[in-house]
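Here is the structure we will look at, set down as structure tokens.
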Amino acid sequence: MRRLITSFTAFYGSNPLHLLGTVAAWALAGYVVTVLGPQALWNSKVWWQSIAVWFLAAVVAHDLVLFPLYALADRSVSAALAALRNRWAGPSPRVSPLNYLRVPTLAAGLSLLLFFPGIIQQGQASYSAATGQSQQPFFGRWLLLVAALYGFSALAYAARLSVAGRREETKSEP
């Protein structure tokens, strides 16, 4: 069995579970199109409101614009951290801070995407009529959320550094 999986992986280029997941995703997409029907994905009266157009625009915007930008930002931060590590006077820490920057940045970006209509006060009249409140505090609360995310990440990094430092001390003691 293991030999069969190894030969499949050599032929396909990935684990068989990857193929199973891909087939399941395509089956789900086909089921959605079948149930909703193509007319639900395309609005012939106002073409730019079509789900298909928004999906294709999101794919193009992400793959051709956003992915290169955040890949460049990630490489830049990695290079800057490597340069700082080389200039470090003492022994360099064994714990990389990169993931402690990536996770809160990703969470901040996703929460901005989620709360952006409220932050720019889009639909202010509808929101006010439905809740009796204004959208004024959205931006400040989002900034507090981002500050908390980076603060918790900094605490987690400090804790990880302290654990790594204690491990190195116990290893160096005779």
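Quick note on naming: the chains in the structure tokens go A, B, ... in the order shown, residues restart at 1 in each chain, and ligands are numbered from 1 in order of appearance.
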
Members of stretch 11-107 of chain A assigned helix (DSSP H, G or I) by DSSP, as an MDAnalysis selection string = chainID A and resid 11:12 16:36 38:41 47:49 51:87 98:107

Option closest in space to A:Ala107, from A:Tyr150, A:Trp54, A:Tyr70, A:Trp88 [counting only C-alpha atoms] =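 Looking only at the distances to A:Ala107, the closest residue turns out to be A:Tyr150.
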
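Between atom CA of A:Gly21 and atom CA of A:Ile5 the separation is 15.9 Å.
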
So which residues touch A:Phe139 within 10 Å, counting only C-alpha atoms, skipping near sequence neighbours fewer than 6 positions away, as a compact mmCIF listing (two decimals) with N, CA and C atoms, in the first residue's frame?
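Saved to part.txt:
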# COMPACT_ATOMS: atom_id res chain seq x y z
N LEU A 112 -10.17 44.08 8.67
CA LEU A 112 -10.42 45.30 7.91
C LEU A 112 -11.36 45.01 6.75
N PHE A 115 -14.88 44.61 8.30
CA PHE A 115 -15.50 45.80 8.87
C PHE A 115 -15.37 47.04 7.99
N PHE A 116 -14.80 46.92 6.80
CA PHE A 116 -14.58 48.08 5.94
C PHE A 116 -15.85 48.86 5.62
N GLY A 118 -18.44 49.31 7.45
CA GLY A 118 -18.77 50.08 8.64
C GLY A 118 -17.77 51.18 8.91
N ILE A 119 -16.49 50.92 8.61
CA ILE A 119 -15.46 51.92 8.84
C ILE A 119 -15.66 53.12 7.92
N ILE A 120 -15.98 52.88 6.66
CA ILE A 120 -16.21 54.01 5.74
C ILE A 120 -17.65 54.51 5.80
N GLN A 121 -18.42 53.96 6.72
CA GLN A 121 -19.81 54.35 6.99
C GLN A 121 -20.70 54.20 5.76
N LEU A 145 -8.72 46.64 18.12
CA LEU A 145 -8.58 45.22 17.82
C LEU A 145 -7.20 44.92 17.25

Atom CA of A:Ala156 sits from atom CA of A:Ala79 at a separation of 22.3 Å

Which residue out of A:Tyr100, A:Thr131, A:Trp142, A:Ala82 has the minimum interatomic distance to A:Ala159 when only C-alpha atoms are used?
->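 Comparing A:Tyr100, A:Thr131, A:Trp142, A:Ala82 against A:Ala159, the winner is A:Tyr100.
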
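Minimum atom-to-atom distances from A:Phe11, A:Gly37, A:Ala108, A:Arg166 to A:Arg141 were compared using only C-alpha atoms, and the lowest value belongs to A:Ala108.
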
Separation of atom CA of A:Leu64 from atom CA of A:Val32 in Å |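 Atom-to-atom, atom CA of A:Val32 to atom CA of A:Leu64, that is 26.4 Å.
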
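When only C-alpha atoms are used to measure the gap to A:Gly109, the shortest distance among A:Ala130, A:Leu84, A:Ala25, A:Val146 belongs to A:Val146.
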
Would you kindly return, as a list in words, each protein, DNA or RNA residue with an atom no farther than 6 Å from any atom of A:Leu41, considering only C-alpha atoms and excluding same-chain residues fewer than 3 positions away?
->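 Those residues are Pro38, Ser50, Ile51 and Ala52 of chain A.
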
Let me see the file: selected residues, C-alpha atoms, as a PDB file, in the first residue's frame.
ATOM      1  CA  PRO A  38     -26.404  29.670 -14.151  1.00  0.00           C
ATOM      2  CA  SER A  50     -23.078  39.222 -11.366  1.00  0.00           C
ATOM      3  CA  ILE A  51     -21.511  36.735  -8.966  1.00  0.00           C
ATOM      4  CA  ALA A  52     -19.384  35.341 -11.791  1.00  0.00           C
TER       5      ALA A  52
END
